[in-house]
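Below is protein_18.csv, which holds CSV, C-alpha atoms and all ligand atoms.
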chain,number,residue,atom,x,y,z
A,1,MET,CA,0.0,0.0,0.0
A,2,GLY,CA,0.8,3.7,-0.2
A,3,SER,CA,3.8,5.5,-1.6
A,4,GLY,CA,7.4,5.4,-0.6
A,5,ALA,CA,8.5,3.3,2.3
A,6,ARG,CA,5.4,1.3,2.9
A,7,ALA,CA,3.3,1.5,-0.1
A,8,ALA,CA,0.1,1.2,1.6
A,9,THR,CA,-2.1,0.1,0.2
A,10,VAL,CA,-16.4,-1.9,5.0
A,11,ARG,CA,-21.1,-2.0,8.0
A,12,ASN,CA,-23.1,1.2,9.6
A,13,LEU,CA,-22.5,4.7,8.5
A,14,THR,CA,-23.2,7.6,10.9
A,15,ASP,CA,-21.3,10.6,12.3
A,16,MET,CA,-19.7,10.3,15.7
A,17,GLY,CA,-17.6,13.5,16.2
A,18,GLY,CA,-15.4,14.1,19.2
A,19,ARG,CA,-11.8,13.6,20.2
A,20,SER,CA,-9.3,10.8,19.7
A,21,GLY,CA,-10.2,7.9,21.8
A,22,GLU,CA,-8.4,6.4,24.8
A,23,SER,CA,-11.4,4.2,25.8
A,24,ALA,CA,-11.4,0.8,27.2
A,25,PRO,CA,-11.1,-2.3,24.9
A,26,VAL,CA,-14.1,-2.8,22.7
A,27,ASP,CA,-16.7,-5.5,23.5
A,28,PRO,CA,-17.0,-7.3,20.2
A,29,ARG,CA,-20.6,-8.4,21.1
A,30,ALA,CA,-21.7,-4.8,21.4
A,31,ALA,CA,-19.6,-3.3,18.6
A,32,SER,CA,-21.4,-0.8,16.3
A,33,VAL,CA,-19.0,0.7,13.8
A,34,THR,CA,-19.5,4.1,12.2
A,35,VAL,CA,-17.4,5.8,9.5
A,36,ARG,CA,-16.9,9.5,8.9
A,37,ALA,CA,-14.5,11.9,7.2
A,38,ALA,CA,-11.2,12.3,9.1
A,39,ARG,CA,-10.6,15.6,10.8
A,40,PRO,CA,-7.4,17.3,12.0
A,41,SER,CA,-8.3,16.4,15.6
A,42,ASP,CA,-8.1,12.7,14.7
A,43,LEU,CA,-4.5,12.9,13.6
A,44,ALA,CA,-2.9,12.1,17.0
A,45,ALA,CA,-5.0,8.9,17.4
A,46,VAL,CA,-4.4,7.9,13.7
A,47,VAL,CA,-0.7,8.3,14.0
A,48,ALA,CA,-0.7,6.3,17.3
A,49,ILE,CA,-2.5,3.5,15.5
A,50,GLU,CA,-0.2,3.6,12.6
A,51,ARG,CA,2.9,3.5,14.8
A,52,ALA,CA,1.6,0.5,16.7
A,53,ALA,CA,0.5,-1.3,13.6
A,54,PHE,CA,3.5,-1.0,11.3
A,55,SER,CA,7.3,-1.4,11.6
A,56,ASP,CA,7.7,1.2,8.9
A,57,PRO,CA,5.0,3.7,9.7
A,58,TRP,CA,3.9,6.7,7.6
A,59,PRO,CA,5.1,10.0,9.1
A,60,GLU,CA,2.5,12.3,10.5
A,61,SER,CA,3.1,14.6,7.6
A,62,ALA,CA,1.7,12.0,5.2
A,63,PHE,CA,-1.6,11.9,7.1
A,64,ARG,CA,-1.6,15.8,7.1
A,65,ASP,CA,-1.1,15.6,3.4
A,66,ALA,CA,-3.9,13.1,3.0
A,67,LEU,CA,-6.2,15.4,5.0
A,68,ALA,CA,-5.4,18.4,2.8
A,69,GLY,CA,-5.7,16.5,-0.5
A,70,ASP,CA,-9.1,17.2,-1.9
A,71,ARG,CA,-8.9,14.0,-4.0
A,72,MET,CA,-8.0,11.8,-1.1
A,73,TYR,CA,-10.4,9.5,0.6
A,74,PHE,CA,-9.6,9.6,4.3
A,75,ARG,CA,-12.1,8.1,6.8
A,76,VAL,CA,-12.0,7.0,10.4
A,77,ALA,CA,-14.1,4.5,12.2
A,78,ALA,CA,-15.6,4.8,15.7
A,79,VAL,CA,-17.0,2.1,17.8
A,80,GLU,CA,-20.1,2.9,19.8
A,81,GLY,CA,-19.3,2.8,23.5
A,82,GLY,CA,-15.6,2.4,22.6
A,83,LEU,CA,-12.9,4.1,20.7
A,84,GLU,CA,-13.8,7.3,18.9
A,85,VAL,CA,-10.9,6.6,16.5
A,86,ALA,CA,-10.7,2.9,16.2
A,87,GLY,CA,-9.2,2.8,12.7
A,88,TYR,CA,-8.7,4.6,9.4
A,89,VAL,CA,-8.5,4.0,5.7
A,90,ILE,CA,-6.9,6.2,3.1
A,91,GLY,CA,-7.3,5.8,-0.7
A,92,TRP,CA,-7.8,7.6,-3.9
A,93,PHE,CA,-9.9,6.9,-7.0
A,94,ALA,CA,-9.3,8.3,-10.4
A,95,GLY,CA,-9.7,7.4,-14.0
A,96,GLY,CA,-11.7,4.2,-13.4
A,97,ASP,CA,-9.1,2.8,-11.0
A,98,GLY,CA,-8.6,3.2,-7.2
A,99,GLU,CA,-6.0,2.4,-4.7
A,100,ILE,CA,-6.3,1.7,-1.0
A,101,ALA,CA,-3.2,3.3,0.3
A,102,ASN,CA,-3.4,2.6,4.0
A,103,ILE,CA,-5.7,0.9,6.5
A,104,ALA,CA,-5.2,0.0,10.1
A,105,VAL,CA,-7.3,-0.7,13.2
A,106,ASP,CA,-6.4,-0.1,16.9
A,107,GLU,CA,-5.2,-3.4,18.4
A,108,ARG,CA,-8.0,-3.1,21.0
A,109,ALA,CA,-10.7,-3.0,18.4
A,110,ARG,CA,-9.5,-5.7,16.0
A,111,GLY,CA,-11.7,-8.6,15.2
A,112,CYS,CA,-14.9,-6.5,15.7
A,113,GLY,CA,-15.6,-5.7,12.0
A,114,VAL,CA,-13.9,-2.3,12.0
A,115,GLY,CA,-11.4,-3.1,9.3
A,116,GLY,CA,-14.0,-4.7,7.1
A,117,THR,CA,-16.3,-1.8,7.6
A,118,LEU,CA,-13.6,0.7,6.6
A,119,LEU,CA,-12.7,-1.3,3.6
A,120,ASP,CA,-16.3,-1.7,2.5
A,121,ALA,CA,-16.8,2.1,2.8
A,122,ALA,CA,-13.8,2.7,0.7
A,123,LEU,CA,-14.9,0.2,-2.0
A,124,GLN,CA,-18.4,1.8,-2.0
A,125,ALA,CA,-16.8,5.3,-2.4
A,126,ALA,CA,-14.7,4.0,-5.2
A,127,ARG,CA,-17.7,2.5,-7.0
A,128,GLU,CA,-19.7,5.8,-6.5
A,129,ARG,CA,-16.7,7.8,-8.0
A,130,GLY,CA,-16.6,5.6,-11.1
A,131,ALA,CA,-13.8,3.2,-10.3
A,132,GLU,CA,-14.1,-0.2,-11.9
A,133,THR,CA,-11.1,-1.7,-10.1
A,134,VAL,CA,-9.3,-1.1,-6.8
A,135,HIS,CA,-5.7,-2.1,-6.2
A,136,LEU,CA,-3.5,-2.4,-3.1
A,137,GLU,CA,-0.3,-3.9,-1.9
A,138,VAL,CA,0.1,-6.1,1.1
A,139,ARG,CA,3.1,-7.7,2.8
A,140,GLU,CA,3.3,-11.3,1.8
A,141,SER,CA,3.4,-12.4,5.4
A,142,ASN,CA,0.4,-10.4,6.5
A,143,VAL,CA,-2.1,-13.2,6.7
A,144,VAL,CA,-4.7,-11.3,8.6
A,145,ALA,CA,-4.8,-8.4,6.1
A,146,ARG,CA,-4.7,-10.9,3.2
A,147,ALA,CA,-7.7,-12.7,4.7
A,148,LEU,CA,-9.5,-9.4,5.0
A,149,TYR,CA,-8.9,-8.6,1.3
A,150,ALA,CA,-9.8,-12.1,0.2
A,151,SER,CA,-13.1,-11.8,2.1
A,152,ARG,CA,-13.8,-8.7,-0.2
A,153,ALA,CA,-12.9,-10.6,-3.4
A,154,PHE,CA,-9.4,-9.1,-3.9
A,155,GLN,CA,-7.3,-11.4,-6.0
A,156,GLY,CA,-3.5,-11.4,-6.5
A,157,VAL,CA,-2.3,-9.9,-9.7
A,158,GLY,CA,1.4,-9.4,-9.1
A,159,ARG,CA,4.4,-9.2,-6.8
A,160,ARG,CA,6.8,-6.3,-6.1
A,161,ARG,CA,10.1,-7.8,-4.9
A,162,GLY,CA,11.6,-6.2,-1.8
A,163,TYR,CA,8.9,-3.5,-1.8
A,164,TYR,CA,8.7,-3.2,2.0
A,165,ARG,CA,11.4,-2.2,4.5
A,166,GLU,CA,12.0,-3.2,8.1
A,167,PRO,CA,12.0,-6.0,7.3
A,168,SER,CA,12.5,-6.2,3.6
A,169,GLU,CA,9.7,-8.2,2.1
A,170,ASP,CA,7.8,-8.6,-1.1
A,171,ALA,CA,4.5,-7.0,-1.7
A,172,ILE,CA,1.6,-8.9,-3.2
A,173,VAL,CA,-0.4,-6.7,-5.5
A,174,LEU,CA,-4.2,-7.3,-5.1
A,175,ARG,CA,-7.0,-6.2,-7.3
A,176,CYS,CA,-10.7,-6.0,-6.6
A,177,VAL,CA,-13.1,-5.7,-9.6
A,178,LEU,CA,-16.1,-3.7,-8.7
A,179,GLU,CA,-19.5,-4.4,-10.1
A,180,PRO,CA,-21.3,-1.0,-10.1
A,181,ARG,CA,-24.8,-2.0,-11.3
A,182,LEU,CA,-25.2,-4.7,-8.7
A,183,GLY,CA,-23.7,-2.6,-6.0
A,184,GLY,CA,-21.5,-5.5,-5.0
A,185,VAL,CA,-18.0,-6.9,-5.7
A,186,ALA,CA,-17.3,-9.2,-8.6
A,187,ALA,CA,-14.3,-11.5,-8.7
A,188,ALA,CA,-11.5,-10.6,-11.1
A,189,PRO,CA,-11.5,-12.7,-14.3
B,201,LIG,C1,-5.9,-6.0,8.8
B,201,LIG,C2,-6.8,-5.2,9.8
B,201,LIG,C3,-7.0,-3.8,9.3
B,201,LIG,C4,-8.1,-6.0,10.0
B,201,LIG,O1,-8.9,-5.2,10.8
B,201,LIG,P1,-10.0,-5.9,11.8
B,201,LIG,O2,-10.9,-4.7,12.3
B,201,LIG,O3,-9.4,-6.7,12.8
B,201,LIG,O4,-10.8,-6.8,10.7
B,201,LIG,P2,-12.4,-7.3,10.9
B,201,LIG,O5,-12.7,-7.6,12.3
B,201,LIG,O6,-13.2,-6.3,10.2
B,201,LIG,O7,-12.3,-8.6,10.0
B,201,LIG,C5,-12.5,-8.5,8.6
B,201,LIG,C6,-11.9,-9.8,7.9
B,201,LIG,O8,-10.5,-9.8,8.1
B,201,LIG,C7,-10.2,-11.2,8.4
B,201,LIG,N1,-9.6,-11.3,9.7
B,201,LIG,C8,-9.7,-10.4,10.7
B,201,LIG,N2,-9.0,-10.8,11.8
B,201,LIG,C9,-8.4,-12.0,11.4
B,201,LIG,C10,-7.6,-13.0,12.1
B,201,LIG,N3,-7.2,-12.8,13.3
B,201,LIG,N4,-7.2,-14.1,11.4
B,201,LIG,C11,-7.6,-14.3,10.1
B,201,LIG,N5,-8.4,-13.4,9.4
B,201,LIG,C12,-8.8,-12.3,10.1
B,201,LIG,C13,-11.4,-12.0,8.2
B,201,LIG,O9,-11.5,-12.4,6.8
B,201,LIG,C14,-12.5,-11.0,8.5
B,201,LIG,O10,-13.7,-11.3,7.8
B,201,LIG,P3,-15.0,-11.7,8.6
B,201,LIG,O11,-15.4,-10.6,9.5
B,201,LIG,O12,-16.0,-12.0,7.5
B,201,LIG,O13,-14.6,-13.0,9.3
B,201,LIG,C15,-6.1,-5.2,11.2
B,201,LIG,O14,-5.7,-6.5,11.6
B,201,LIG,C16,-4.9,-4.3,11.3
B,201,LIG,O15,-5.0,-3.1,11.5
B,201,LIG,N6,-3.7,-4.9,11.1
B,201,LIG,C17,-2.4,-4.1,11.2
B,201,LIG,C18,-2.3,-3.1,10.0
B,201,LIG,C19,-2.4,-3.8,8.7
B,201,LIG,O16,-1.8,-4.9,8.5
B,201,LIG,N7,-3.0,-3.2,7.7
B,201,LIG,C20,-3.1,-3.7,6.3
B,201,LIG,C21,-1.9,-3.3,5.6
B,201,LIG,S1,-1.9,-3.9,3.9

Produce structure tokens that represent the structure in this file.
Amino acid sequence: MGSGARAATVRNLTDMGGRSGESAPVDPRAASVTVRAARPSDLAAVVAIERAAFSDPWPESAFRDALAGDRMYFRVAAVEGGLEVAGYVIGWFAGGDGEIANIAVDERARGCGVGGTLLDAALQAARERGAETVHLEVRESNVVARALYASRAFQGVGRRRGYYREPSEDAIVLRCVLEPRLGGVAAAP
């Protein structure tokens, strides 16, 4: 996913507002995930999630740039009764293609549908903005993320050798073919 060091490469939708969260761990049985546009006040929590999630994290400036970019899709997820910033997704969509540049979920909120909800929101936005395909890169060893993407019909279409740092590792390039008229996701041919 993404550019440079780590090329980075979705359920309910309402607005939550408020500050970055420091709440207690989420109860997966009570989880209700909402997605909204990221705001400057979210950056501290987003950067904290990024640093905990990745060995080669994006710098804060990359998130500021994403907030400022009018063509960027930058959303955060909140969990009702839990974290106000439980995860985020960043992407862009242009010319019939889209890319998921970054996605991560606070360790305390994983396994509750937050990552899937964020990814579904991004895929829906891509579809609404005319994208027919969405690409992303993922570390070959990242079995959890690869399971997430497989669950949304992403399929492998390539490999970038030594793409990631710390540690050096190949990226697997994945593609999702969107099916606009059905509002769903179609497997790549
Ligand atoms: C990958 C990540 C975003 C998933 O977020 P999450 O909120 O835990 O995922 P969800 O609970 O929404 O699960 C979505 C799917 O992911 C897969 N998944 C999630 N946790 C899993 C696990 N522990 N083992 C295997 N598959 C898993 C499943 O396919 C799941 O689908 P299901 O809900 O239909 O079972 C999260 O683990 C994370 O932030 N990881 C670190 C950052 C990262 O690797 N980002 C991706 C970079 S390419």

* Contact residues around Tyr88 of chain A with all atoms listed in the file at 7 Å, ignoring same-chain residues under 6 positions, as number ranges by chain -> A: 46, 75-77, 103-105, 118

* Nearby polymer residues, ligand LIG 201 (chain B), at most 8 Å, only C-alpha atoms and all ligand atoms, as a ChimeraX atom specification -> /A:1,8-10,50,53-54,87,102-107,109-118,136-139,142-151

* One decimal, Å: what's the distance from atom CA of Cys176 of chain A over to atom CA of Gly95 of chain A, could you say? => 15.3 Å

* Asked: atom CA of Ser55 of chain A and atom CA of Asp70 of chain A are how many Å apart?
  -> 28.2 Å

* Asked: In Å, how far is it from atom CA of Glu84 of chain A to atom CA of Ala122 of chain A?
  -> 18.8 Å

* Selected residue, from A:Leu174, A:Ser141, A:Arg39, A:Ser168, that lies nearest to Phe154 of chain A when counting all atoms listed in the file -> A:Leu174

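Each of A:Ser32, A:Ala48, A:Glu132, A:Pro57 was compared to Glu166 of chain A using all atoms listed in the file, and A:Pro57 turns out to be the nearest.
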